[in-house]
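Next up, final.tsv (TSV, C-alpha atoms and all ligand atoms):
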chain	number	residue	atom	x	y	z
D	13	MET	CA	-26.65	73.57	-51.33
D	14	LYS	CA	-26.90	76.34	-48.78
D	15	PHE	CA	-27.31	80.01	-49.66
D	16	SER	CA	-26.72	83.01	-47.44
D	17	SER	CA	-29.56	84.52	-45.41
D	18	LEU	CA	-29.16	87.64	-47.53
D	19	THR	CA	-30.83	85.85	-50.42
D	20	ASP	CA	-34.00	85.64	-48.32
D	21	ARG	CA	-33.74	89.23	-47.16
D	22	VAL	CA	-33.57	90.56	-50.72
D	23	LYS	CA	-36.65	88.69	-51.89
D	24	GLY	CA	-39.06	91.61	-51.39
D	25	SER	CA	-42.75	90.96	-50.86
D	26	ALA	CA	-44.35	92.93	-53.68
D	27	ALA	CA	-43.29	90.84	-56.66
D	28	ASP	CA	-46.80	89.38	-57.29
D	29	ALA	CA	-48.15	92.74	-58.40
D	30	TRP	CA	-45.99	92.46	-61.50
D	31	ASP	CA	-47.41	89.10	-62.60
D	32	LEU	CA	-50.11	90.80	-64.61
D	33	HIS	CA	-47.57	93.16	-66.15
D	34	TYR	CA	-45.45	90.21	-67.31
D	35	LEU	CA	-48.56	88.51	-68.70
D	36	ALA	CA	-49.35	91.66	-70.68
D	37	LYS	CA	-45.75	91.87	-71.93
D	38	GLN	CA	-45.89	88.27	-73.15
D	39	ALA	CA	-49.21	88.96	-74.87
D	40	GLU	CA	-47.67	92.03	-76.53
D	41	GLU	CA	-44.77	89.91	-77.79
D	42	ARG	CA	-47.28	87.49	-79.30
D	43	GLY	CA	-48.77	90.46	-81.16
D	44	GLU	CA	-51.99	90.59	-79.15
D	45	ASP	CA	-53.97	93.78	-78.70
D	46	VAL	CA	-52.87	94.95	-75.24
D	47	ILE	CA	-52.09	98.41	-73.86
D	48	ILE	CA	-49.45	98.35	-71.15
D	49	LEU	CA	-49.81	101.09	-68.55
D	50	SER	CA	-48.02	99.11	-65.85
D	51	VAL	CA	-44.44	99.94	-66.78
D	52	GLY	CA	-42.04	102.53	-65.33
D	53	ASP	CA	-39.79	102.96	-68.35
D	54	PRO	CA	-39.90	106.09	-70.54
D	55	ASP	CA	-41.27	105.39	-74.03
D	56	PHE	CA	-38.97	107.97	-75.65
D	57	ASP	CA	-35.79	107.03	-77.46
D	58	THR	CA	-32.57	108.29	-75.92
D	59	PRO	CA	-31.78	111.61	-77.68
D	60	ALA	CA	-29.58	111.09	-80.76
D	61	ALA	CA	-26.71	113.32	-79.57
D	62	ILE	CA	-26.22	111.04	-76.56
D	63	ILE	CA	-26.09	107.92	-78.71
D	64	ASP	CA	-23.68	109.60	-81.14
D	65	ARG	CA	-21.35	110.54	-78.29
D	66	ALA	CA	-21.34	106.95	-76.98
D	67	LEU	CA	-20.57	105.60	-80.46
D	68	LYS	CA	-17.77	108.10	-80.93
D	69	ALA	CA	-16.36	107.25	-77.52
D	70	LEU	CA	-16.41	103.55	-78.40
D	71	ARG	CA	-14.65	104.19	-81.70
D	72	ASP	CA	-12.12	106.41	-79.92
D	73	GLY	CA	-11.28	103.50	-77.66
D	74	ASP	CA	-12.97	104.41	-74.36
D	75	THR	CA	-13.40	100.72	-73.67
D	76	HIS	CA	-11.04	100.20	-70.75
D	77	TYR	CA	-11.35	100.30	-66.99
D	78	THR	CA	-12.34	103.68	-65.60
D	79	SER	CA	-11.91	105.40	-62.26
D	80	ILE	CA	-14.13	103.99	-59.55
D	81	LEU	CA	-15.71	107.35	-58.73
D	82	GLY	CA	-16.37	108.09	-62.39
D	83	HIS	CA	-14.95	110.33	-65.14
D	84	VAL	CA	-14.29	113.87	-63.91
D	85	GLU	CA	-16.19	115.19	-66.95
D	86	LEU	CA	-19.38	113.39	-65.94
D	87	ARG	CA	-19.02	114.25	-62.26
D	88	ALA	CA	-18.37	117.91	-63.12
D	89	ALA	CA	-21.51	117.90	-65.29
D	90	ILE	CA	-23.48	116.47	-62.35
D	91	VAL	CA	-22.04	119.19	-60.07
D	92	GLU	CA	-22.99	121.90	-62.56
D	93	ARG	CA	-26.51	120.59	-63.07
D	94	TYR	CA	-26.99	120.31	-59.32
D	95	ARG	CA	-25.78	123.88	-58.85
D	96	LYS	CA	-28.22	125.16	-61.46
D	97	ASN	CA	-31.15	123.29	-59.94
D	98	SER	CA	-30.46	123.65	-56.23
D	99	GLY	CA	-28.22	126.71	-55.92
D	100	GLN	CA	-25.77	124.52	-53.95
D	101	VAL	CA	-22.10	124.73	-54.80
D	102	ILE	CA	-20.42	121.37	-54.30
D	103	ASP	CA	-17.09	119.88	-55.30
D	104	VAL	CA	-16.62	116.91	-57.67
D	105	SER	CA	-15.13	115.04	-54.72
D	106	GLN	CA	-18.70	114.89	-53.32
D	107	VAL	CA	-19.99	112.89	-56.29
D	108	ILE	CA	-19.77	109.18	-57.10
D	109	THR	CA	-21.29	107.67	-60.23
D	110	THR	CA	-23.21	104.42	-59.90
D	111	SER	CA	-25.01	101.92	-62.07
D	112	GLY	CA	-28.33	103.77	-61.94
D	113	ALA	CA	-30.02	105.22	-58.88
D	114	GLN	CA	-30.81	101.68	-57.74
D	115	ASN	CA	-27.14	100.88	-57.29
D	116	ALA	CA	-26.66	104.12	-55.31
D	117	LEU	CA	-29.61	103.26	-53.06
D	118	PHE	CA	-28.17	99.82	-52.40
D	119	ALA	CA	-24.72	101.25	-51.66
D	120	CYS	CA	-26.26	103.73	-49.20
D	121	SER	CA	-27.99	100.92	-47.40
D	122	LEU	CA	-24.78	98.90	-47.10
D	123	CYS	CA	-22.72	101.91	-46.01
D	124	LEU	CA	-25.21	103.27	-43.46
D	125	LEU	CA	-26.97	100.29	-41.91
D	126	ASP	CA	-26.01	97.33	-39.75
D	127	ALA	CA	-28.07	94.34	-38.72
D	128	GLY	CA	-30.61	95.46	-36.10
D	129	ASP	CA	-30.65	99.11	-37.25
D	130	GLU	CA	-33.87	100.73	-38.37
D	131	ALA	CA	-34.43	102.72	-41.54
D	132	ILE	CA	-37.52	104.85	-41.90
D	133	VAL	CA	-39.09	104.87	-45.34
D	134	LEU	CA	-41.94	107.12	-46.40
D	135	GLN	CA	-44.69	104.90	-47.76
D	136	PRO	CA	-46.08	104.33	-50.42
D	137	MET	CA	-42.52	103.55	-51.47
D	138	TYR	CA	-40.71	102.41	-54.57
D	139	VAL	CA	-40.77	98.61	-54.50
D	140	THR	CA	-37.05	97.86	-54.35
D	141	TYR	CA	-36.61	99.79	-51.10
D	142	GLU	CA	-37.70	96.82	-49.01
D	143	ALA	CA	-34.99	94.46	-50.24
D	144	THR	CA	-32.44	97.27	-50.38
D	145	ILE	CA	-32.87	98.09	-46.72
D	146	GLN	CA	-33.16	94.53	-45.56
D	147	ALA	CA	-29.97	93.46	-47.36
D	148	PRO	CA	-27.64	94.45	-44.49
D	149	GLY	CA	-30.10	92.97	-41.96
D	150	ALA	CA	-31.74	96.29	-41.05
D	151	THR	CA	-35.45	96.72	-40.40
D	152	LEU	CA	-37.60	98.87	-42.64
D	153	VAL	CA	-39.94	101.06	-40.59
D	154	PRO	CA	-42.68	102.45	-42.85
D	155	VAL	CA	-44.01	105.92	-42.20
D	156	VAL	CA	-47.38	105.89	-43.83
D	157	LEU	CA	-48.47	108.90	-45.85
D	158	PRO	CA	-52.23	108.37	-45.83
D	159	ALA	CA	-54.25	108.37	-49.02
D	160	GLU	CA	-56.95	110.51	-47.33
D	161	ARG	CA	-54.35	113.26	-46.90
D	162	GLY	CA	-53.19	113.06	-50.50
D	163	PHE	CA	-50.18	110.91	-49.48
D	164	ARG	CA	-48.57	113.81	-47.60
D	165	LEU	CA	-46.32	113.71	-44.55
D	166	ASP	CA	-47.31	114.78	-41.08
D	167	ARG	CA	-45.14	115.52	-38.07
D	168	GLU	CA	-46.61	113.11	-35.58
D	169	THR	CA	-46.32	110.01	-37.72
D	170	LEU	CA	-42.70	110.69	-38.58
D	171	GLN	CA	-41.79	111.67	-35.03
D	172	ASN	CA	-43.40	108.56	-33.56
D	173	ALA	CA	-41.49	106.24	-35.89
D	174	ILE	CA	-38.07	107.35	-34.65
D	175	THR	CA	-36.42	105.12	-32.04
D	176	GLU	CA	-32.89	104.88	-30.69
D	177	ARG	CA	-32.19	102.31	-33.41
D	178	THR	CA	-33.14	104.63	-36.27
D	179	ARG	CA	-30.16	105.54	-38.45
D	180	VAL	CA	-31.61	106.93	-41.64
D	181	ILE	CA	-34.71	108.27	-43.36
D	182	PHE	CA	-35.15	107.11	-46.97
D	183	TYR	CA	-37.65	108.70	-49.32
D	184	ALA	CA	-38.27	109.37	-52.99
D	185	SER	CA	-39.46	112.84	-53.83
D	186	PRO	CA	-41.06	113.17	-56.31
D	187	SER	CA	-42.56	109.85	-55.36
D	188	ASN	CA	-43.07	106.76	-57.41
D	189	PRO	CA	-45.99	105.87	-57.29
D	190	THR	CA	-47.86	108.94	-55.95
D	191	GLY	CA	-46.25	111.77	-57.91
D	192	VAL	CA	-46.12	113.82	-54.70
D	193	ALA	CA	-43.14	116.16	-54.42
D	194	LEU	CA	-42.48	116.99	-50.78
D	195	ASN	CA	-42.98	120.69	-50.10
D	196	ARG	CA	-40.65	122.92	-48.13
D	197	GLU	CA	-42.49	122.42	-44.82
D	198	GLU	CA	-42.34	118.63	-45.16
D	199	LEU	CA	-38.62	118.75	-45.94
D	200	GLU	CA	-38.02	121.12	-43.02
D	201	LEU	CA	-39.77	118.64	-40.78
D	202	ILE	CA	-37.56	115.78	-41.99
D	203	ALA	CA	-34.50	118.03	-41.59
D	204	GLU	CA	-35.47	119.09	-38.07
D	205	LEU	CA	-35.98	115.51	-36.88
D	206	ALA	CA	-32.88	114.23	-38.68
D	207	GLU	CA	-30.77	116.86	-36.94
D	208	ARG	CA	-32.37	116.29	-33.56
D	209	HIS	CA	-31.84	112.51	-33.72
D	210	ASP	CA	-28.58	112.63	-35.67
D	211	LEU	CA	-29.93	110.69	-38.66
D	212	TRP	CA	-28.82	110.36	-42.24
D	213	VAL	CA	-31.28	111.23	-44.98
D	214	VAL	CA	-31.26	109.44	-48.34
D	215	ALA	CA	-33.17	111.61	-50.83
D	216	ASP	CA	-34.02	109.75	-54.03
D	217	GLU	CA	-34.61	112.52	-56.57
D	218	VAL	CA	-34.77	110.54	-59.82
D	219	TYR	CA	-37.99	112.31	-60.91
D	220	ALA	CA	-36.86	115.82	-59.91
D	221	ASP	CA	-36.56	116.93	-63.55
D	222	PHE	CA	-40.20	116.10	-64.17
D	223	VAL	CA	-41.89	118.42	-61.69
D	224	PHE	CA	-44.88	120.01	-63.45
D	225	ASP	CA	-46.19	122.45	-60.88
D	226	GLY	CA	-44.23	124.72	-58.58
D	227	GLN	CA	-40.62	124.51	-57.57
D	228	PHE	CA	-38.72	121.38	-56.58
D	229	HIS	CA	-36.93	121.63	-53.23
D	230	HIS	CA	-33.69	119.78	-52.51
D	231	ILE	CA	-33.42	118.80	-48.85
D	232	ALA	CA	-29.63	119.04	-48.99
D	233	SER	CA	-29.94	122.78	-49.57
D	234	LEU	CA	-31.69	123.36	-46.22
D	235	PRO	CA	-29.41	124.84	-43.55
D	236	GLY	CA	-27.13	122.26	-41.94
D	237	MET	CA	-28.38	119.37	-44.08
D	238	ALA	CA	-25.58	118.95	-46.64
D	239	GLU	CA	-23.53	117.07	-44.07
D	240	ARG	CA	-26.20	114.41	-43.44
D	241	VAL	CA	-27.98	114.07	-46.80
D	242	ILE	CA	-27.17	111.74	-49.66
D	243	THR	CA	-28.88	112.98	-52.80
D	244	ILE	CA	-29.46	110.31	-55.42
D	245	GLY	CA	-30.01	111.11	-59.07
D	246	SER	CA	-30.08	109.30	-62.38
D	247	LEU	CA	-30.38	109.79	-66.12
D	248	SER	CA	-32.84	106.90	-66.51
D	249	LYS	CA	-36.01	108.99	-66.53
D	250	SER	CA	-34.76	112.50	-67.32
D	251	TYR	CA	-33.09	111.54	-70.61
D	252	ALA	CA	-34.90	108.27	-71.39
D	253	MET	CA	-31.71	106.36	-70.56
D	254	SER	CA	-32.98	103.61	-68.27
D	255	GLY	CA	-30.97	100.94	-70.07
D	256	TRP	CA	-27.70	102.86	-69.88
D	257	ARG	CA	-27.55	102.57	-66.08
D	258	VAL	CA	-26.13	105.96	-65.16
D	259	GLY	CA	-26.85	107.25	-61.67
D	260	TRP	CA	-25.02	109.03	-58.88
D	261	ALA	CA	-24.88	110.00	-55.26
D	262	ILE	CA	-23.95	113.41	-53.92
D	263	ALA	CA	-22.79	113.14	-50.33
D	264	PRO	CA	-20.31	114.41	-47.74
D	265	PRO	CA	-16.70	113.39	-48.60
D	266	GLN	CA	-16.47	110.66	-45.93
D	267	MET	CA	-19.58	108.97	-47.28
D	268	ILE	CA	-18.23	109.18	-50.83
D	269	ALA	CA	-14.98	107.60	-49.62
D	270	ASN	CA	-16.96	104.72	-48.11
D	271	MET	CA	-19.10	104.30	-51.21
D	272	GLU	CA	-15.93	104.27	-53.29
D	273	LYS	CA	-14.53	101.38	-51.23
D	274	LEU	CA	-17.77	99.49	-51.75
D	275	ALA	CA	-17.91	100.34	-55.48
D	276	LEU	CA	-14.37	99.03	-55.90
D	277	CYS	CA	-15.42	95.54	-54.83
D	278	MET	CA	-18.97	95.66	-56.23
D	279	LEU	CA	-18.98	97.58	-59.51
D	280	TYR	CA	-15.44	98.57	-60.47
D	281	GLY	CA	-16.50	101.67	-62.38
D	282	LEU	CA	-19.04	102.43	-65.08
D	283	PRO	CA	-18.12	101.87	-68.74
D	284	GLY	CA	-16.26	104.95	-70.01
D	285	PHE	CA	-18.27	105.34	-73.23
D	286	ILE	CA	-21.47	105.33	-71.19
D	287	GLN	CA	-20.07	107.99	-68.90
D	288	GLN	CA	-19.23	110.13	-71.93
D	289	ALA	CA	-22.79	109.73	-73.14
D	290	GLY	CA	-24.02	110.72	-69.68
D	291	ALA	CA	-21.89	113.86	-69.70
D	292	GLU	CA	-23.29	114.72	-73.13
D	293	ALA	CA	-26.83	114.40	-71.79
D	294	LEU	CA	-26.23	116.72	-68.85
D	295	GLN	CA	-24.17	119.26	-70.79
D	296	HIS	CA	-26.06	119.54	-74.06
D	297	CYS	CA	-29.49	117.88	-73.97
D	298	VAL	CA	-31.51	119.96	-71.57
D	299	ASP	CA	-33.87	120.92	-74.43
D	300	ASP	CA	-34.72	117.23	-74.95
D	301	LEU	CA	-35.46	116.92	-71.26
D	302	GLN	CA	-37.71	119.96	-71.32
D	303	SER	CA	-39.66	118.74	-74.31
D	304	MET	CA	-40.15	115.30	-72.71
D	305	ARG	CA	-41.40	117.04	-69.55
D	306	GLU	CA	-43.94	119.02	-71.56
D	307	ILE	CA	-45.16	115.85	-73.25
D	308	TYR	CA	-45.55	114.11	-69.89
D	309	ARG	CA	-47.38	117.16	-68.58
D	310	ARG	CA	-49.83	117.09	-71.49
D	311	ARG	CA	-50.42	113.36	-71.08
D	312	ARG	CA	-50.93	113.82	-67.35
D	313	ASP	CA	-53.50	116.56	-67.91
D	314	ASN	CA	-55.39	114.58	-70.57
D	315	LEU	CA	-55.40	111.42	-68.50
D	316	PHE	CA	-56.55	113.27	-65.40
D	317	ALA	CA	-59.41	114.89	-67.31
D	318	ALA	CA	-60.42	111.55	-68.84
D	319	PHE	CA	-60.37	109.61	-65.56
D	320	SER	CA	-62.13	112.41	-63.68
D	321	ALA	CA	-65.03	112.07	-66.12
D	322	ILE	CA	-65.45	108.31	-65.50
D	323	PRO	CA	-67.90	107.61	-62.65
D	324	GLY	CA	-66.31	105.31	-60.07
D	325	LEU	CA	-62.72	106.41	-60.69
D	326	GLU	CA	-60.91	109.02	-58.58
D	327	PRO	CA	-57.57	110.08	-60.04
D	328	LEU	CA	-55.00	111.98	-57.97
D	329	LEU	CA	-53.22	114.71	-59.94
D	330	PRO	CA	-49.48	113.95	-59.80
D	331	GLU	CA	-47.24	116.97	-59.26
D	332	ALA	CA	-44.39	115.20	-61.02
D	333	GLY	CA	-43.20	112.06	-62.75
D	334	MET	CA	-44.82	109.62	-65.14
D	335	PHE	CA	-47.44	107.87	-63.01
D	336	MET	CA	-50.97	108.61	-61.84
D	337	MET	CA	-52.65	107.04	-58.85
D	338	VAL	CA	-56.31	106.24	-59.43
D	339	LYS	CA	-58.70	105.14	-56.71
D	340	VAL	CA	-60.80	102.30	-58.04
D	341	VAL	CA	-62.92	101.27	-55.04
D	342	GLY	CA	-65.93	102.85	-56.80
D	343	SER	CA	-65.77	99.91	-59.20
D	344	GLY	CA	-66.75	97.54	-56.41
D	345	TYR	CA	-63.47	95.67	-56.85
D	346	SER	CA	-60.30	95.69	-54.76
D	347	ALA	CA	-57.36	97.14	-56.68
D	348	SER	CA	-55.95	93.69	-57.37
D	349	GLU	CA	-59.32	92.38	-58.63
D	350	PHE	CA	-59.72	95.55	-60.69
D	351	THR	CA	-56.38	95.10	-62.47
D	352	ARG	CA	-57.19	91.50	-63.36
D	353	ALA	CA	-60.78	92.16	-64.46
D	354	LEU	CA	-59.75	95.20	-66.49
D	355	TYR	CA	-56.99	93.29	-68.24
D	356	ALA	CA	-59.23	90.31	-68.97
D	357	ALA	CA	-61.96	92.53	-70.42
D	358	THR	CA	-59.90	95.12	-72.30
D	359	GLY	CA	-56.23	94.12	-72.52
D	360	VAL	CA	-55.24	97.24	-70.56
D	361	SER	CA	-52.70	96.50	-67.82
D	362	VAL	CA	-52.33	98.81	-64.82
D	363	LEU	CA	-50.55	98.06	-61.56
D	364	ASP	CA	-52.16	97.29	-58.20
D	365	ALA	CA	-50.59	100.06	-56.10
D	366	THR	CA	-50.72	97.96	-52.94
D	367	ALA	CA	-47.30	96.77	-54.13
D	368	PHE	CA	-45.99	100.13	-52.94
D	369	GLY	CA	-47.41	99.76	-49.43
D	370	ALA	CA	-50.69	99.14	-47.66
D	371	SER	CA	-51.59	102.84	-47.60
D	372	ALA	CA	-52.05	102.66	-51.37
D	373	ALA	CA	-54.72	99.95	-51.05
D	374	GLY	CA	-57.67	100.69	-53.33
D	375	TYR	CA	-55.47	102.50	-55.85
D	376	VAL	CA	-53.94	101.45	-59.14
D	377	ARG	CA	-50.86	103.06	-60.65
D	378	VAL	CA	-51.24	104.11	-64.25
D	379	SER	CA	-48.11	104.98	-66.26
D	380	TYR	CA	-48.36	107.63	-68.95
D	381	THR	CA	-45.36	106.34	-70.85
D	382	LEU	CA	-47.26	105.80	-74.10
D	383	ALA	CA	-48.14	108.03	-77.03
D	384	GLU	CA	-51.26	110.13	-76.61
D	385	ALA	CA	-53.34	108.14	-79.10
D	386	ASP	CA	-52.65	104.92	-77.15
D	387	LEU	CA	-53.48	106.63	-73.88
D	388	GLU	CA	-56.73	107.86	-75.36
D	389	GLU	CA	-57.60	104.36	-76.55
D	390	ALA	CA	-56.75	102.99	-73.07
D	391	CYS	CA	-59.06	105.57	-71.47
D	392	ASN	CA	-61.87	104.62	-73.84
D	393	ARG	CA	-61.46	100.95	-72.95
D	394	ILE	CA	-61.35	101.74	-69.22
D	395	LYS	CA	-64.51	103.86	-69.60
D	396	SER	CA	-66.37	101.02	-71.37
D	397	PHE	CA	-65.16	98.60	-68.71
D	398	MET	CA	-66.48	100.83	-65.92
D	399	GLU	CA	-69.80	101.25	-67.76
D	400	SER	CA	-70.09	97.48	-68.12
D	401	LEU	CA	-70.00	97.15	-64.34
D	402	THR	CA	-73.07	99.29	-63.68
F	501	LIG	C1	-38.21	106.15	-57.06
F	501	LIG	C2	-37.23	105.40	-57.90
F	501	LIG	N1	-35.95	105.31	-57.49
F	501	LIG	C3	-35.04	104.64	-58.20
F	501	LIG	C4	-35.35	104.02	-59.37
F	501	LIG	C5	-34.28	103.28	-60.13
F	501	LIG	O1	-33.80	104.11	-61.12
F	501	LIG	P1	-32.49	103.76	-61.97
F	501	LIG	O2	-32.95	103.30	-63.31
F	501	LIG	O3	-31.74	105.04	-62.05
F	501	LIG	O4	-31.75	102.71	-61.22
F	501	LIG	C6	-36.66	104.08	-59.86
F	501	LIG	C7	-37.05	103.39	-61.11
F	501	LIG	O5	-38.18	103.25	-61.47
F	501	LIG	C8	-37.63	104.79	-59.10
F	501	LIG	O6	-38.90	104.87	-59.51
Let me see the structure of the file written as structure tokens.
Ligand SMILES: Cc1ncc(COP(=O)(O)O)c(C=O)c1O
Amino acid sequence: MKFSSLTDRVKGSAADAWDLHYLAKQAEERGEDVIILSVGDPDFDTPAAIIDRALKALRDGDTHYTSILGHVELRAAIVERYRKNSGQVIDVSQVITTSGAQNALFACSLCLLDAGDEAIVLQPMYVTYEATIQAPGATLVPVVLPAERGFRLDRETLQNAITERTRVIFYASPSNPTGVALNREELELIAELAERHDLWVVADEVYADFVFDGQFHHIASLPGMAERVITIGSLSKSYAMSGWRVGWAIAPPQMIANMEKLALCMLYGLPGFIQQAGAEALQHCVDDLQSMREIYRRRRDNLFAAFSAIPGLEPLLPEAGMFMMVKVVGSGYSASEFTRALYAATGVSVLDATAFGASAAGYVRVSYTLAEADLEEACNRIKSFMESLT
């Protein structure tokens, strides 16, 4: 039987990098002694108040169809949180709820791109971007943020990537995998070029609540940008709610209207009890978020200190998020060989960061989504592994 060409376009090319992760997961299920640092899912439980609200909502009968845009309570909570964080005053009509940030990214791609269009993506990039952008038949144009420059953006590279077919610039800041949060100058550069070439900007800010150092800047708050930026957010990381699938897009009204049409035929609204739980998170659980951020910060600092002390490893201090990039070329292995040899020798799984783009070659991505004792044990095993190579 024949399938549509879309099914080829959404294949993505980075899937192999996860083979080792799946192997480690299977080993864990068999009860073997493995330490999985290759996952992007918070290890915390969803705060109890959020679960209680969902249960109450279920018992109260919030089990029917909901509005396509989402409950006003949840959207108002998103508006309020956004105002507190960015200083921007927006209306609930500029918010649509989605099934996680991933669903919002996909909807943006379908609403902004046609076959033959080009979408610029800052690279290293989150792995689903490739399939997301290719789904409507558009071409992904990577703008490489070089490892030698700490994975930061420069004017010339971005400028040179823009053609008359470019429609949109996609990026995640803070970035998965690098942990880089774009600074004001970098955002001003994107804004300047987006305005000059009349481009949309899709700003994936799912890690914005986990910035450890300095202030997080929202591109939509730069002068003139609110009308061309779609800001994507999610509760997955901030409130350890990855399985609840609550995300959103904040965008100009016409874009929201288009996303609503798409959501009507693609999603048909998020479950009401989940939306109530999401509103609870945003309205009442900011203390949980802050304590998770402090735990991530402590883990980041400990991991960075431990890796820095291991000859042959060069960690990059992430400004945000739950991942650390570590250069492993000092081991004599490529990143892919390193991940396999490390796992075989120690049971520690990390991810070959080449999956996020060629500019991350030579790096592995290490998640710090495990308790500190497990992270310490992983560091000890990695240290012994490195010593065994010399
Ligand atoms: C940069 C980035 N964007 C989007 C997502 C998807 O998040 P969600 O669970 O909200 O769909 C992830 C998940 O890891 C991510 O790292």
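When only C-alpha atoms and all ligand atoms are used to compute distances to ligand LIG 501 (chain F), the closest of the residues D:Lys273, D:Arg257, D:His230, D:His296 turns out to be D:Arg257.
Of the listed residues D:Tyr77, D:Ala69, D:Glu44, D:His33, the one whose atoms come nearest to Ala289 in chain D is D:Ala69, with distances taken using only C-alpha atoms.
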Considering all atoms listed in the file, tabulate each residue of chain D that lies at most 8 Å from ligand LIG 501 (chain F) along with its nearest interatomic pair and the corresponding distance in Å to one decimal; arrange the rows by chain and ascending residue number and present them as JSON lines.
{"residue": "D:Gly52", "atom": "CA", "partner": "F:LIG501", "partner_atom": "O5", "distance": 5.5}
{"residue": "D:Asp53", "atom": "CA", "partner": "F:LIG501", "partner_atom": "O5", "distance": 7.1}
{"residue": "D:Ser111", "atom": "CA", "partner": "F:LIG501", "partner_atom": "O4", "distance": 6.8}
{"residue": "D:Gly112", "atom": "CA", "partner": "F:LIG501", "partner_atom": "O3", "distance": 3.6}
{"residue": "D:Ala113", "atom": "CA", "partner": "F:LIG501", "partner_atom": "O3", "distance": 3.6}
{"residue": "D:Gln114", "atom": "CA", "partner": "F:LIG501", "partner_atom": "O4", "distance": 3.7}
{"residue": "D:Asn115", "atom": "CA", "partner": "F:LIG501", "partner_atom": "O4", "distance": 6.3}
{"residue": "D:Ala116", "atom": "CA", "partner": "F:LIG501", "partner_atom": "O4", "distance": 7.9}
{"residue": "D:Leu117", "atom": "CA", "partner": "F:LIG501", "partner_atom": "C3", "distance": 7.6}
{"residue": "D:Met137", "atom": "CA", "partner": "F:LIG501", "partner_atom": "C1", "distance": 7.5}
{"residue": "D:Tyr138", "atom": "CA", "partner": "F:LIG501", "partner_atom": "C1", "distance": 5.1}
{"residue": "D:Ala184", "atom": "CA", "partner": "F:LIG501", "partner_atom": "C1", "distance": 5.2}
{"residue": "D:Ser185", "atom": "CA", "partner": "F:LIG501", "partner_atom": "C1", "distance": 7.5}
{"residue": "D:Pro186", "atom": "CA", "partner": "F:LIG501", "partner_atom": "C1", "distance": 7.6}
{"residue": "D:Ser187", "atom": "CA", "partner": "F:LIG501", "partner_atom": "C1", "distance": 6.0}
{"residue": "D:Asn188", "atom": "CA", "partner": "F:LIG501", "partner_atom": "C1", "distance": 4.9}
{"residue": "D:Pro189", "atom": "CA", "partner": "F:LIG501", "partner_atom": "O6", "distance": 7.5}
{"residue": "D:Asp216", "atom": "CA", "partner": "F:LIG501", "partner_atom": "N1", "distance": 6.0}
{"residue": "D:Glu217", "atom": "CA", "partner": "F:LIG501", "partner_atom": "C1", "distance": 7.3}
{"residue": "D:Val218", "atom": "CA", "partner": "F:LIG501", "partner_atom": "N1", "distance": 5.8}
{"residue": "D:Tyr219", "atom": "CA", "partner": "F:LIG501", "partner_atom": "C1", "distance": 7.3}
{"residue": "D:Gly245", "atom": "CA", "partner": "F:LIG501", "partner_atom": "O3", "distance": 7.0}
{"residue": "D:Ser246", "atom": "CA", "partner": "F:LIG501", "partner_atom": "O3", "distance": 4.6}
{"residue": "D:Leu247", "atom": "CA", "partner": "F:LIG501", "partner_atom": "O3", "distance": 6.4}
{"residue": "D:Ser248", "atom": "CA", "partner": "F:LIG501", "partner_atom": "O2", "distance": 4.8}
{"residue": "D:Lys249", "atom": "CA", "partner": "F:LIG501", "partner_atom": "O2", "distance": 7.2}
{"residue": "D:Met253", "atom": "CA", "partner": "F:LIG501", "partner_atom": "O2", "distance": 8.0}
{"residue": "D:Ser254", "atom": "CA", "partner": "F:LIG501", "partner_atom": "O2", "distance": 5.0}
{"residue": "D:Gly255", "atom": "CA", "partner": "F:LIG501", "partner_atom": "O2", "distance": 7.4}
{"residue": "D:Arg257", "atom": "CA", "partner": "F:LIG501", "partner_atom": "O2", "distance": 6.1}
{"residue": "D:Val258", "atom": "CA", "partner": "F:LIG501", "partner_atom": "O3", "distance": 6.5}
{"residue": "D:Gly259", "atom": "CA", "partner": "F:LIG501", "partner_atom": "O3", "distance": 5.4}
Might you pull out every residue within 12 Å of Asp300 in chain D, with only C-alpha atoms counted and same-chain residues fewer than 4 positions away left off, and present them as a compact mmCIF listing (two decimals) with C-alpha atoms, in the coordinates of the input?
# COMPACT_ATOMS: atom_id res chain seq x y z
CA PHE D 56 -38.97 107.97 -75.65
CA ASP D 57 -35.79 107.03 -77.46
CA THR D 58 -32.57 108.29 -75.92
CA PRO D 59 -31.78 111.61 -77.68
CA ALA D 60 -29.58 111.09 -80.76
CA ALA D 61 -26.71 113.32 -79.57
CA ILE D 62 -26.22 111.04 -76.56
CA ASP D 221 -36.56 116.93 -63.55
CA LYS D 249 -36.01 108.99 -66.53
CA SER D 250 -34.76 112.50 -67.32
CA TYR D 251 -33.09 111.54 -70.61
CA ALA D 252 -34.90 108.27 -71.39
CA GLU D 292 -23.29 114.72 -73.13
CA ALA D 293 -26.83 114.40 -71.79
CA LEU D 294 -26.23 116.72 -68.85
CA GLN D 295 -24.17 119.26 -70.79
CA HIS D 296 -26.06 119.54 -74.06
CA MET D 304 -40.15 115.30 -72.71
CA ARG D 305 -41.40 117.04 -69.55
CA GLU D 306 -43.94 119.02 -71.56
CA ILE D 307 -45.16 115.85 -73.25
**Asked** So which residues touch range 145-150 of chain D within 12 Å, counting only C-alpha atoms, skipping near sequence neighbours fewer than 6 positions away, as a PyMOL selection string?
**Response** chain D and resi 16-25+114+117-133+138-139+177-183+214
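Across D:Ser79, D:Asn97, D:Ser105, D:Asn392, the tightest approach to Ala269 in chain D is made by D:Ser105 when counting all atoms listed in the file.
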**Item:** Residues near range 363-374 of chain D, cut-off 10 Å, all atoms listed in the file, skip fewer than 4 positions along chain, as a PyMOL selection string
**Value:** chain D and resi 25-33+48-51+134-142+154-160+163+188-190+337-342+345-352+378-379
